[in-house]
>>> print(open('start-v4.csv').read())   # CSV, C-alpha atoms
chain,number,residue,atom,x,y,z
W,1,MET,CA,1.4,-13.0,-3.4
W,2,ALA,CA,2.5,-16.0,-5.4
W,3,ALA,CA,3.2,-14.4,-8.8
W,4,LYS,CA,5.5,-16.7,-10.7
W,5,THR,CA,6.8,-14.0,-12.9
W,6,PHE,CA,6.0,-10.3,-12.6
W,7,PRO,CA,7.1,-8.3,-15.7
W,8,VAL,CA,7.5,-4.7,-14.5
W,9,GLU,CA,6.3,-2.5,-17.4
W,10,ALA,CA,6.4,1.2,-17.8
W,11,SER,CA,2.7,1.5,-18.8
W,12,HIS,CA,1.7,-0.4,-15.6
W,13,ILE,CA,3.9,1.8,-13.5
W,14,LEU,CA,2.2,4.9,-15.2
W,15,MET,CA,-1.3,3.6,-14.3
W,16,PHE,CA,-0.3,2.7,-10.8
W,17,ALA,CA,1.4,6.0,-10.1
W,18,ARG,CA,-1.6,7.9,-11.4
W,19,SER,CA,-3.9,5.8,-9.1
W,20,VAL,CA,-1.9,7.0,-6.0
W,21,GLY,CA,-1.9,10.6,-7.3
W,22,ASP,CA,1.8,10.7,-8.1
W,23,GLU,CA,2.8,11.9,-11.6
W,24,ASN,CA,6.5,12.2,-10.8
W,25,VAL,CA,8.3,12.0,-14.1
W,26,VAL,CA,10.5,9.2,-12.8
W,27,TYR,CA,7.3,7.0,-13.0
W,28,THR,CA,5.6,8.5,-16.0
W,29,ASP,CA,8.0,10.0,-18.6
W,30,ALA,CA,10.8,7.9,-20.0
W,31,GLU,CA,12.7,10.8,-21.5
W,32,ALA,CA,12.5,13.0,-18.4
W,33,ALA,CA,13.3,10.1,-16.2
W,34,LYS,CA,16.7,9.6,-17.9
W,35,ALA,CA,17.8,12.9,-16.6
W,36,THR,CA,17.0,12.0,-12.9
W,37,GLU,CA,19.3,10.4,-10.4
W,38,ALA,CA,17.4,7.1,-11.0
W,39,GLY,CA,18.4,7.3,-14.7
W,40,GLY,CA,15.2,5.9,-16.1
W,41,ILE,CA,11.7,4.8,-15.1
W,42,ILE,CA,11.5,3.2,-11.7
W,43,ALA,CA,8.5,1.9,-9.8
W,44,PRO,CA,6.9,3.7,-6.8
W,45,PRO,CA,7.6,2.3,-3.3
W,46,THR,CA,4.4,0.2,-3.0
W,47,PHE,CA,4.3,-1.0,-6.6
W,48,VAL,CA,5.1,-4.7,-5.9
W,49,GLN,CA,1.6,-5.0,-4.4
W,50,ALA,CA,0.5,-5.0,-8.1
W,51,SER,CA,2.1,-8.5,-8.4
W,52,ALA,CA,-1.5,-9.6,-7.6
W,53,GLN,CA,-2.2,-9.1,-11.3
W,54,PHE,CA,0.2,-11.9,-12.1
W,55,ASP,CA,-0.9,-14.3,-9.4
W,56,PRO,CA,-3.0,-16.9,-11.1
W,57,ASN,CA,-4.8,-17.9,-7.9
W,58,TYR,CA,-5.3,-14.4,-6.5
W,59,GLY,CA,-8.7,-14.5,-4.8
W,60,LEU,CA,-9.6,-10.9,-5.1
W,61,ARG,CA,-9.9,-10.8,-8.9
W,62,PRO,CA,-13.0,-12.1,-10.7
W,63,LYS,CA,-12.2,-15.2,-12.7
W,64,ILE,CA,-13.9,-15.9,-16.0
W,65,GLY,CA,-16.8,-18.3,-15.7
W,66,GLN,CA,-16.6,-18.5,-11.9
W,67,PRO,CA,-19.1,-16.9,-9.4
W,68,TRP,CA,-17.9,-13.6,-7.9
W,69,PHE,CA,-18.8,-12.6,-4.4
W,70,GLY,CA,-19.5,-8.9,-5.3
W,71,SER,CA,-22.9,-7.7,-6.4
W,72,GLY,CA,-24.6,-8.4,-9.7
W,73,LYS,CA,-28.3,-9.2,-9.8
W,74,ASN,CA,-28.1,-9.7,-6.0
W,75,PRO,CA,-26.0,-8.0,-3.4
W,76,THR,CA,-23.6,-10.9,-3.4
W,77,GLY,CA,-23.0,-13.5,-6.0
W,78,ALA,CA,-21.4,-16.3,-4.0
W,79,VAL,CA,-20.9,-17.5,-0.5
W,80,ARG,CA,-17.2,-17.2,0.2
W,81,SER,CA,-15.0,-20.0,1.4
W,82,GLY,CA,-12.6,-17.7,3.3
W,83,GLY,CA,-8.9,-17.8,2.4
W,84,GLY,CA,-6.7,-14.8,2.0
W,85,GLY,CA,-5.1,-13.1,4.9
W,86,GLY,CA,-1.4,-12.3,4.8
W,87,GLY,CA,-0.2,-10.2,2.0
W,88,GLY,CA,-3.1,-7.8,1.4
W,89,GLY,CA,-6.5,-8.1,3.0
W,90,GLY,CA,-7.6,-11.4,1.5
W,91,GLY,CA,-11.2,-12.6,1.3
W,92,GLY,CA,-13.1,-11.6,4.4
W,93,GLY,CA,-10.0,-10.1,5.9
W,94,LEU,CA,-8.5,-6.6,6.0
W,95,HIS,CA,-5.0,-5.5,5.6
W,96,ALA,CA,-3.4,-4.6,8.9
W,97,GLU,CA,0.2,-3.9,8.2
W,98,GLN,CA,2.6,-3.7,5.3
W,99,HIS,CA,6.4,-3.4,5.5
W,100,TYR,CA,9.0,-3.1,2.7
W,101,GLU,CA,12.7,-3.3,2.5
W,102,TYR,CA,14.3,-1.9,-0.7
W,103,HIS,CA,17.5,-3.5,-1.8
W,104,GLN,CA,17.8,-1.7,-5.1
W,105,PRO,CA,15.6,0.4,-7.4
W,106,LEU,CA,12.8,-1.6,-9.2
W,107,ARG,CA,13.1,-0.6,-12.9
W,108,ALA,CA,10.7,-0.8,-15.8
W,109,GLY,CA,11.9,-3.8,-17.8
W,110,ASP,CA,12.8,-5.9,-14.7
W,111,VAL,CA,11.1,-9.3,-14.5
W,112,LEU,CA,10.5,-10.3,-10.9
W,113,THR,CA,10.0,-13.6,-9.3
W,114,ALA,CA,8.1,-13.7,-6.0
W,115,THR,CA,8.6,-16.3,-3.3
W,116,THR,CA,6.2,-16.1,-0.4
W,117,THR,CA,6.6,-17.8,3.0
W,118,PRO,CA,3.9,-17.8,5.7
W,119,GLY,CA,4.9,-16.1,8.9
W,120,LYS,CA,3.4,-15.9,12.4
W,121,THR,CA,-0.3,-16.1,13.3
W,122,TRP,CA,-1.7,-14.5,16.4
W,123,GLU,CA,-5.0,-13.4,18.0
W,124,LYS,CA,-6.1,-10.4,19.9
W,125,GLU,CA,-9.3,-9.0,21.3
W,126,GLY,CA,-10.2,-5.8,19.4
W,127,ARG,CA,-12.3,-3.0,20.9
W,128,ARG,CA,-13.9,-2.1,17.6
W,129,SER,CA,-14.3,-5.4,15.8
W,130,GLY,CA,-14.3,-8.3,18.3
W,131,LYS,CA,-11.8,-11.2,18.0
W,132,LEU,CA,-9.0,-10.5,15.6
W,133,VAL,CA,-6.9,-13.2,13.9
W,134,PHE,CA,-3.7,-11.9,12.4
W,135,SER,CA,-1.5,-13.7,9.9
W,136,GLU,CA,1.8,-12.6,8.4
W,137,SER,CA,3.5,-13.5,5.1
W,138,VAL,CA,6.9,-12.5,3.7
W,139,THR,CA,7.5,-12.2,0.0
W,140,GLU,CA,10.9,-11.8,-1.6
W,141,TYR,CA,11.0,-10.3,-5.1
W,142,ARG,CA,14.1,-11.1,-7.1
W,143,ASN,CA,14.9,-9.7,-10.6
W,144,GLN,CA,15.9,-11.5,-13.8
W,145,LYS,CA,19.5,-11.6,-12.5
W,146,GLY,CA,18.4,-13.4,-9.3
W,147,GLU,CA,19.1,-10.3,-7.2
W,148,LEU,CA,16.9,-9.4,-4.3
W,149,VAL,CA,15.0,-6.2,-5.1
W,150,VAL,CA,12.3,-5.9,-2.5
W,151,THR,CA,11.3,-7.8,0.6
W,152,ALA,CA,7.7,-7.3,1.6
W,153,ARG,CA,6.0,-8.4,4.9
W,154,GLY,CA,2.3,-8.2,5.0
W,155,VAL,CA,-0.1,-8.7,7.9
W,156,GLY,CA,-3.7,-9.6,7.3
W,157,VAL,CA,-6.4,-9.6,9.9
W,158,ARG,CA,-9.8,-11.4,10.0
W,159,THR,CA,-12.3,-9.6,12.2
W,160,GLU,CA,-15.3,-11.1,14.1
W,161,ARG,CA,-17.5,-8.3,12.9
W,162,PRO,CA,-17.2,-5.1,10.8
W,163,VAL,CA,-14.9,-2.5,12.3
W,164,GLU,CA,-16.7,0.3,14.2
W,165,GLN,CA,-15.6,3.7,13.0
W,166,LYS,CA,-13.7,6.2,15.1
W,167,THR,CA,-15.1,9.7,14.4
W,168,GLU,CA,-12.8,11.7,16.6
W,169,ALA,CA,-9.1,11.9,17.1
K,170,MET,CA,16.5,16.7,-4.8
K,171,PRO,CA,17.8,14.2,-2.3
K,172,LEU,CA,18.1,15.3,1.3
K,173,LYS,CA,21.4,16.3,2.8
K,174,ALA,CA,22.3,14.9,6.3
K,175,SER,CA,24.0,18.2,7.1
K,176,GLN,CA,20.6,20.0,6.7
K,177,LEU,CA,18.5,17.6,8.7
K,178,LYS,CA,17.8,17.8,12.4
K,179,VAL,CA,16.1,15.3,14.6
K,180,GLY,CA,12.5,16.5,15.0
K,181,ASP,CA,12.3,18.2,11.6
K,182,VAL,CA,8.8,17.8,10.2
K,183,HIS,CA,7.7,17.5,6.5
K,184,THR,CA,4.0,17.6,5.8
K,185,ALA,CA,1.9,17.1,2.6
K,186,ARG,CA,-1.7,17.0,1.7
K,187,LEU,CA,-2.3,13.6,0.0
K,188,VAL,CA,-5.8,14.0,-1.2
K,189,ASP,CA,-8.7,16.4,-0.8
K,190,ASP,CA,-12.1,14.8,-1.0
K,191,LEU,CA,-11.1,11.3,-2.0
K,192,THR,CA,-13.3,10.0,-4.8
K,193,ARG,CA,-14.8,6.6,-5.4
K,194,THR,CA,-13.3,6.9,-8.9
K,195,GLN,CA,-9.7,7.1,-7.5
K,196,ILE,CA,-10.4,4.0,-5.4
K,197,VAL,CA,-11.6,2.3,-8.7
K,198,GLN,CA,-8.4,3.5,-10.4
K,199,TYR,CA,-6.3,2.0,-7.6
K,200,ALA,CA,-8.2,-1.3,-7.8
K,201,GLY,CA,-7.6,-1.5,-11.5
K,202,ALA,CA,-3.9,-0.7,-11.3
K,203,SER,CA,-3.1,-2.9,-8.2
K,204,GLY,CA,-5.3,-5.8,-9.2
K,205,ASP,CA,-7.1,-5.8,-5.8
K,206,TYR,CA,-10.7,-6.0,-6.8
K,207,ASN,CA,-12.1,-6.7,-3.3
K,208,PRO,CA,-15.7,-5.4,-3.6
K,209,LEU,CA,-15.3,-3.8,-0.2
K,210,HIS,CA,-13.5,-1.0,-2.1
K,211,THR,CA,-15.7,-0.4,-5.1
K,212,ASP,CA,-19.0,-2.2,-4.7
K,213,GLU,CA,-21.3,-0.1,-2.5
K,214,ILE,CA,-24.2,-2.6,-2.6
K,215,PHE,CA,-22.1,-5.5,-1.5
K,216,THR,CA,-20.2,-3.4,1.1
K,217,THR,CA,-23.3,-1.9,2.8
K,218,LYS,CA,-25.8,-4.9,2.4
K,219,VAL,CA,-23.5,-7.9,2.8
K,220,ALA,CA,-20.4,-6.8,4.6
K,221,GLY,CA,-22.1,-4.3,7.0
K,222,TYR,CA,-19.9,-1.2,6.5
K,223,PRO,CA,-21.4,2.3,6.0
K,224,SER,CA,-19.9,2.6,2.5
K,225,VAL,CA,-17.0,1.4,0.4
K,226,PHE,CA,-13.6,2.3,1.8
K,227,ALA,CA,-10.1,2.8,0.3
K,228,HIS,CA,-7.6,0.0,0.1
K,229,GLY,CA,-5.1,0.4,2.9
K,230,MET,CA,-2.5,0.2,0.2
K,231,LEU,CA,-3.9,3.2,-1.6
K,232,THR,CA,-3.3,5.2,1.6
K,233,MET,CA,0.2,3.7,1.9
K,234,GLY,CA,0.8,4.5,-1.8
K,235,MET,CA,-0.3,8.1,-1.4
K,236,THR,CA,1.8,8.5,1.8
K,237,GLY,CA,4.7,7.1,-0.2
K,238,LYS,CA,4.4,10.1,-2.6
K,239,MET,CA,4.9,12.4,0.4
K,240,LEU,CA,8.0,10.4,1.3
K,241,THR,CA,9.6,10.2,-2.1
K,242,ASP,CA,8.9,13.9,-2.8
K,243,TYR,CA,10.7,14.6,0.4
K,244,VAL,CA,13.7,12.1,0.3
K,245,GLY,CA,14.2,11.9,-3.4
K,246,ASP,CA,13.6,9.1,-6.0
K,247,ALA,CA,15.0,5.6,-5.3
K,248,ARG,CA,16.3,6.7,-1.9
K,249,LEU,CA,14.0,4.8,0.4
K,250,THR,CA,15.6,1.7,2.1
K,251,LYS,CA,12.6,0.9,4.3
K,252,TYR,CA,9.0,1.8,4.5
K,253,GLY,CA,6.4,0.1,6.7
K,254,VAL,CA,3.0,1.0,8.1
K,255,ARG,CA,0.1,-0.1,10.2
K,256,PHE,CA,-3.4,0.8,9.0
K,257,THR,CA,-5.1,2.2,12.1
K,258,SER,CA,-8.4,3.4,10.8
K,259,GLN,CA,-10.4,3.1,7.5
K,260,VAL,CA,-10.3,5.8,4.8
K,261,PHE,CA,-13.7,6.6,3.2
K,262,PRO,CA,-14.7,8.4,0.0
K,263,GLY,CA,-14.8,12.2,0.8
K,264,ASP,CA,-11.9,12.0,3.2
K,265,THR,CA,-9.1,14.5,3.1
K,266,LEU,CA,-5.7,13.2,4.1
K,267,ASP,CA,-2.5,14.8,5.4
K,268,ALA,CA,0.7,13.0,5.9
K,269,THR,CA,3.7,13.8,8.1
K,270,ALA,CA,7.3,12.6,8.2
K,271,THR,CA,9.3,13.4,11.3
K,272,VAL,CA,13.1,13.0,11.4
K,273,LYS,CA,13.9,10.4,14.1
K,274,SER,CA,17.6,10.0,13.5
K,275,VAL,CA,20.4,10.8,11.0
K,276,GLU,CA,23.4,8.4,11.1
K,277,ASN,CA,25.9,6.9,8.6
K,278,GLY,CA,24.2,8.4,5.6
K,279,VAL,CA,20.7,7.1,6.5
K,280,ALA,CA,17.8,9.2,7.9
K,281,GLU,CA,15.0,7.5,9.7
K,282,PHE,CA,11.5,8.9,10.0
K,283,ASP,CA,8.3,8.5,11.8
K,284,VAL,CA,5.4,8.5,9.4
K,285,LYS,CA,1.8,9.4,10.1
K,286,THR,CA,-1.3,10.1,8.0
K,287,VAL,CA,-4.5,11.7,9.5
K,288,ASN,CA,-7.9,12.4,8.1
K,289,GLN,CA,-9.9,15.7,8.2
K,290,ASN,CA,-11.1,14.9,11.8
K,291,GLY,CA,-7.5,14.4,13.0
K,292,VAL,CA,-8.0,10.6,13.2
K,293,GLU,CA,-4.8,8.7,12.4
K,294,VAL,CA,-5.4,6.3,9.5
K,295,LEU,CA,-1.8,5.2,9.0
K,296,SER,CA,1.2,5.0,11.3
K,297,GLY,CA,4.6,3.8,10.4
K,298,TYR,CA,8.3,4.5,9.7
K,299,ALA,CA,10.7,5.0,6.8
K,300,ALA,CA,14.4,5.1,6.2
K,301,ALA,CA,16.3,6.7,3.3
K,302,ARG,CA,19.8,7.2,2.1
K,303,VAL,CA,20.8,10.8,2.3
K,304,ASP,CA,23.7,12.8,0.9
K,305,PRO,CA,26.4,14.1,3.3
>>> encode(input="start-v4.csv", output="structure tokens")
Amino acid sequence: MAAKTFPVEASHILMFARSVGDENVVYTDAEAAKATEAGGIIAPPTFVQASAQFDPNYGLRPKIGQPWFGSGKNPTGAVRSGGGGGGGGGGGGLHAEQHYEYHQPLRAGDVLTATTTPGKTWEKEGRRSGKLVFSESVTEYRNQKGELVVTARGVGVRTERPVEQKTEA
Amino acid sequence: MPLKASQLKVGDVHTARLVDDLTRTQIVQYAGASGDYNPLHTDEIFTTKVAGYPSVFAHGMLTMGMTGKMLTDYVGDARLTKYGVRFTSQVFPGDTLDATATVKSVENGVAEFDVKTVNQNGVEVLSGYAAARVDP
């Protein structure tokens, strides 16, 4: 994720918390949140993933006036040029791993700056999807005071073919 | 309420149902909130006809987010210090998910957990770990 600035807003936290089925008052109710240990609205543990909203070049959001690879008149609107990987299942890839370290609570009102560095790349032969190419990226999220809030490490994987499904444990 | 180290034992298990019959609409909700509009998650025509999957499937991060609720309900708000997962199988509309945190260690005010989420067939969809600050 290469969001330059990521303003963390209470209404965005509310929408995000609802989408993961979590209506904890510490995410959804400013008054009630004041009475909790957190002392106000905070973001849920995976919220920084939504920094994609503020990444001008994020490939998995339709851009006005540009072809989109999802369906319209036809099953697909564009031939994709690849890209993605790392931080969250980029174009053609899937999200293999995600790791977070929390240095302090992320609060409504914080303005984050994200710095992403590419990590390792490796290959593996997969039983259910052919050759797998993994790539890692590490993103540091700092607040308006320059303090580290969250470190995120994402691993994306590109598969040779669609993943076959496991139906039994 | 935050956990107390004095009341935790290695091997303690906490379980929660994350979702019963996951809907396409919830996946759409997550796409909108997170900003990840990959059509694999919301566009059945693209996903079946072009990508070759049996249907749309959930963002791994939706499963991680829902599993995060199990953790924060258990350890308390703003208590997590680490949380990481591998996505081990895909999650499809109609799935019912249950998540488990198992206490691995309790030392120096920090508890560590193994984390796992399974679907209605007992297939593991997410496997990981978490650490949280706990009270004495």
>>> closest_residue(input="start-v4.csv", among="K:Lys238, K:His183, K:Lys173, K:Arg302", to="Lys251 of chain K", atoms="only C-alpha atoms")
K:Arg302
>>> closest_residue(input="start-v4.csv", among="K:Leu295, K:Leu231, K:Val279, K:Ala268", to="Gly201 of chain K", atoms="all atoms listed in the file")
K:Leu231
>>> interface_residues(input="start-v4.csv", of="chain K", to="chain W", cutoff="7 Å", atoms="all atoms listed in the file", output="PyMOL selection string")
chain K and resi 195+198-199+202-208+212+214-215+218-219+221-222+229+231+234-235+237-238+246-247+249-256+290-292
>>> closest_residue(input="start-v4.csv", among="K:Ala300, K:Met239, K:Met170, K:Leu191", to="Val275 of chain K", atoms="all atoms listed in the file")
K:Ala300
>>> residues_around(input="start-v4.csv", residues="segment 114-119 of chain W", least_positions_apart="3", cutoff="6 Å", atoms="all atoms listed in the file", output="number ranges by chain")
W: 3, 136-141
>>> residues_around(input="start-v4.csv", residues="Thr257 of chain K", least_positions_apart="4", cutoff="7 Å", atoms="only C-alpha atoms", output="PDB file with C-alpha atoms, in the coordinates of the input")
ATOM      1  CA  GLU K 293      -4.800   8.700  12.400  1.00  0.00           C
ATOM      2  CA  VAL K 294      -5.400   6.300   9.500  1.00  0.00           C
ATOM      3  CA  LEU K 295      -1.800   5.200   9.000  1.00  0.00           C
ATOM      4  CA  SER K 296       1.200   5.000  11.300  1.00  0.00           C
TER       5      SER K 296
END
>>> atom_distance(input="start-v4.csv", atom1="atom CA of Ala200 of chain K", atom2="atom CA of Phe226 of chain K")
11.6 Å
>>> closest_residue(input="start-v4.csv", among="K:Ala301, K:Val272, K:Val244, K:Val284", to="Val179 of chain K", atoms="only C-alpha atoms")
K:Val272
>>> atom_distance(input="start-v4.csv", atom1="atom CA of Pro171 of chain K", atom2="atom CA of Pro305 of chain K")
10.3 Å
>>> closest_residue(input="start-v4.csv", among="W:Val133, W:Val25, W:Val8, W:Ala33", to="Leu112 of chain W", atoms="all atoms listed in the file")
W:Val8
>>> atom_distance(input="start-v4.csv", atom1="atom CA of Lys34 of chain W", atom2="atom CA of Gly109 of chain W")
14.2 Å
>>> decode(input="start-v4.csv", residues="segment 137-148 of chain W", atoms="all heavy atoms", output="PDB file, in the first residue's frame")
ATOM      1  N   SER W 137       5.809  -7.694   1.173  1.00  0.00           N
ATOM      2  CA  SER W 137       6.068  -6.265   1.312  1.00  0.00           C
ATOM      3  C   SER W 137       5.799  -5.853   2.748  1.00  0.00           C
ATOM      4  O   SER W 137       4.963  -6.438   3.439  1.00  0.00           O
ATOM      5  CB  SER W 137       5.195  -5.456   0.353  1.00  0.00           C
ATOM      6  OG  SER W 137       3.858  -5.505   0.757  1.00  0.00           O
ATOM      7  N   VAL W 138       6.569  -4.883   3.201  1.00  0.00           N
ATOM      8  CA  VAL W 138       6.444  -4.412   4.582  1.00  0.00           C
ATOM      9  C   VAL W 138       6.043  -2.940   4.550  1.00  0.00           C
ATOM     10  O   VAL W 138       6.657  -2.139   3.842  1.00  0.00           O
ATOM     11  CB  VAL W 138       7.774  -4.581   5.351  1.00  0.00           C
ATOM     12  CG1 VAL W 138       7.659  -4.027   6.767  1.00  0.00           C
ATOM     13  CG2 VAL W 138       8.188  -6.052   5.382  1.00  0.00           C
ATOM     14  N   THR W 139       4.983  -2.606   5.273  1.00  0.00           N
ATOM     15  CA  THR W 139       4.503  -1.217   5.312  1.00  0.00           C
ATOM     16  C   THR W 139       4.515  -0.718   6.752  1.00  0.00           C
ATOM     17  O   THR W 139       3.987  -1.376   7.646  1.00  0.00           O
ATOM     18  CB  THR W 139       3.076  -1.120   4.747  1.00  0.00           C
ATOM     19  OG1 THR W 139       3.065  -1.645   3.418  1.00  0.00           O
ATOM     20  CG2 THR W 139       2.600   0.327   4.699  1.00  0.00           C
ATOM     21  N   GLU W 140       5.140   0.441   6.930  1.00  0.00           N
ATOM     22  CA  GLU W 140       5.122   1.088   8.245  1.00  0.00           C
ATOM     23  C   GLU W 140       4.136   2.237   8.210  1.00  0.00           C
ATOM     24  O   GLU W 140       4.205   3.092   7.322  1.00  0.00           O
ATOM     25  CB  GLU W 140       6.515   1.642   8.581  1.00  0.00           C
ATOM     26  CG  GLU W 140       7.511   0.559   8.909  1.00  0.00           C
ATOM     27  CD  GLU W 140       8.817   1.131   9.451  1.00  0.00           C
ATOM     28  OE1 GLU W 140       9.077   2.343   9.274  1.00  0.00           O
ATOM     29  OE2 GLU W 140       9.571   0.353  10.045  1.00  0.00           O
ATOM     30  N   TYR W 141       3.245   2.247   9.167  1.00  0.00           N
ATOM     31  CA  TYR W 141       2.255   3.322   9.289  1.00  0.00           C
ATOM     32  C   TYR W 141       2.632   4.204  10.475  1.00  0.00           C
ATOM     33  O   TYR W 141       2.680   3.734  11.615  1.00  0.00           O
ATOM     34  CB  TYR W 141       0.858   2.741   9.516  1.00  0.00           C
ATOM     35  CG  TYR W 141       0.339   1.950   8.341  1.00  0.00           C
ATOM     36  CD1 TYR W 141       0.564   0.579   8.248  1.00  0.00           C
ATOM     37  CD2 TYR W 141      -0.373   2.570   7.310  1.00  0.00           C
ATOM     38  CE1 TYR W 141       0.097  -0.160   7.173  1.00  0.00           C
ATOM     39  CE2 TYR W 141      -0.849   1.842   6.231  1.00  0.00           C
ATOM     40  CZ  TYR W 141      -0.611   0.483   6.167  1.00  0.00           C
ATOM     41  OH  TYR W 141      -1.080  -0.241   5.097  1.00  0.00           O
ATOM     42  N   ARG W 142       2.900   5.483  10.170  1.00  0.00           N
ATOM     43  CA  ARG W 142       3.244   6.442  11.222  1.00  0.00           C
ATOM     44  C   ARG W 142       2.144   7.490  11.331  1.00  0.00           C
ATOM     45  O   ARG W 142       1.542   7.863  10.329  1.00  0.00           O
ATOM     46  CB  ARG W 142       4.571   7.145  10.901  1.00  0.00           C
ATOM     47  CG  ARG W 142       5.745   6.234  11.052  1.00  0.00           C
ATOM     48  CD  ARG W 142       7.069   6.868  10.670  1.00  0.00           C
ATOM     49  NE  ARG W 142       8.095   5.835  10.718  1.00  0.00           N
ATOM     50  CZ  ARG W 142       8.729   5.489  11.844  1.00  0.00           C
ATOM     51  NH1 ARG W 142       8.520   6.155  12.967  1.00  0.00           N
ATOM     52  NH2 ARG W 142       9.602   4.512  11.817  1.00  0.00           N
ATOM     53  N   ASN W 143       1.933   7.982  12.543  1.00  0.00           N
ATOM     54  CA  ASN W 143       0.874   8.980  12.746  1.00  0.00           C
ATOM     55  C   ASN W 143       1.396  10.395  12.507  1.00  0.00           C
ATOM     56  O   ASN W 143       2.549  10.593  12.122  1.00  0.00           O
ATOM     57  CB  ASN W 143       0.212   8.806  14.122  1.00  0.00           C
ATOM     58  CG  ASN W 143       1.169   9.126  15.266  1.00  0.00           C
ATOM     59  OD1 ASN W 143       2.217   9.746  15.069  1.00  0.00           O
ATOM     60  ND2 ASN W 143       0.798   8.687  16.464  1.00  0.00           N
ATOM     61  N   GLN W 144       0.521  11.385  12.764  1.00  0.00           N
ATOM     62  CA  GLN W 144       0.841  12.793  12.503  1.00  0.00           C
ATOM     63  C   GLN W 144       2.002  13.294  13.348  1.00  0.00           C
ATOM     64  O   GLN W 144       2.596  14.324  13.048  1.00  0.00           O
ATOM     65  CB  GLN W 144      -0.409  13.668  12.696  1.00  0.00           C
ATOM     66  CG  GLN W 144      -1.051  13.635  14.076  1.00  0.00           C
ATOM     67  CD  GLN W 144      -1.897  12.387  14.361  1.00  0.00           C
ATOM     68  OE1 GLN W 144      -1.941  11.459  13.563  1.00  0.00           O
ATOM     69  NE2 GLN W 144      -2.554  12.377  15.495  1.00  0.00           N
ATOM     70  N   LYS W 145       2.346  12.552  14.430  1.00  0.00           N
ATOM     71  CA  LYS W 145       3.492  12.957  15.257  1.00  0.00           C
ATOM     72  C   LYS W 145       4.770  12.244  14.827  1.00  0.00           C
ATOM     73  O   LYS W 145       5.812  12.376  15.468  1.00  0.00           O
ATOM     74  CB  LYS W 145       3.208  12.616  16.728  1.00  0.00           C
ATOM     75  CG  LYS W 145       2.042  13.409  17.313  1.00  0.00           C
ATOM     76  CD  LYS W 145       1.807  12.997  18.771  1.00  0.00           C
ATOM     77  CE  LYS W 145       0.333  12.851  19.073  1.00  0.00           C
ATOM     78  NZ  LYS W 145       0.061  12.022  20.250  1.00  0.00           N
ATOM     79  N   GLY W 146       4.642  11.423  13.781  1.00  0.00           N
ATOM     80  CA  GLY W 146       5.810  10.679  13.315  1.00  0.00           C
ATOM     81  C   GLY W 146       6.035   9.378  14.068  1.00  0.00           C
ATOM     82  O   GLY W 146       7.044   8.698  13.866  1.00  0.00           O
ATOM     83  N   GLU W 147       5.092   9.024  14.949  1.00  0.00           N
ATOM     84  CA  GLU W 147       5.246   7.813  15.752  1.00  0.00           C
ATOM     85  C   GLU W 147       4.747   6.596  14.986  1.00  0.00           C
ATOM     86  O   GLU W 147       3.709   6.649  14.327  1.00  0.00           O
ATOM     87  CB  GLU W 147       4.443   7.930  17.058  1.00  0.00           C
ATOM     88  CG  GLU W 147       4.886   9.072  17.932  1.00  0.00           C
ATOM     89  CD  GLU W 147       3.830   9.456  18.972  1.00  0.00           C
ATOM     90  OE1 GLU W 147       2.650   9.041  18.851  1.00  0.00           O
ATOM     91  OE2 GLU W 147       4.194  10.195  19.900  1.00  0.00           O
ATOM     92  N   LEU W 148       5.500   5.495  15.127  1.00  0.00           N
ATOM     93  CA  LEU W 148       5.105   4.245  14.489  1.00  0.00           C
ATOM     94  C   LEU W 148       3.851   3.702  15.186  1.00  0.00           C
ATOM     95  O   LEU W 148       3.814   3.585  16.412  1.00  0.00           O
ATOM     96  CB  LEU W 148       6.268   3.259  14.598  1.00  0.00           C
ATOM     97  CG  LEU W 148       6.192   1.990  13.771  1.00  0.00           C
ATOM     98  CD1 LEU W 148       6.019   2.289  12.281  1.00  0.00           C
ATOM     99  CD2 LEU W 148       7.452   1.148  14.001  1.00  0.00           C
TER     100      LEU W 148
END
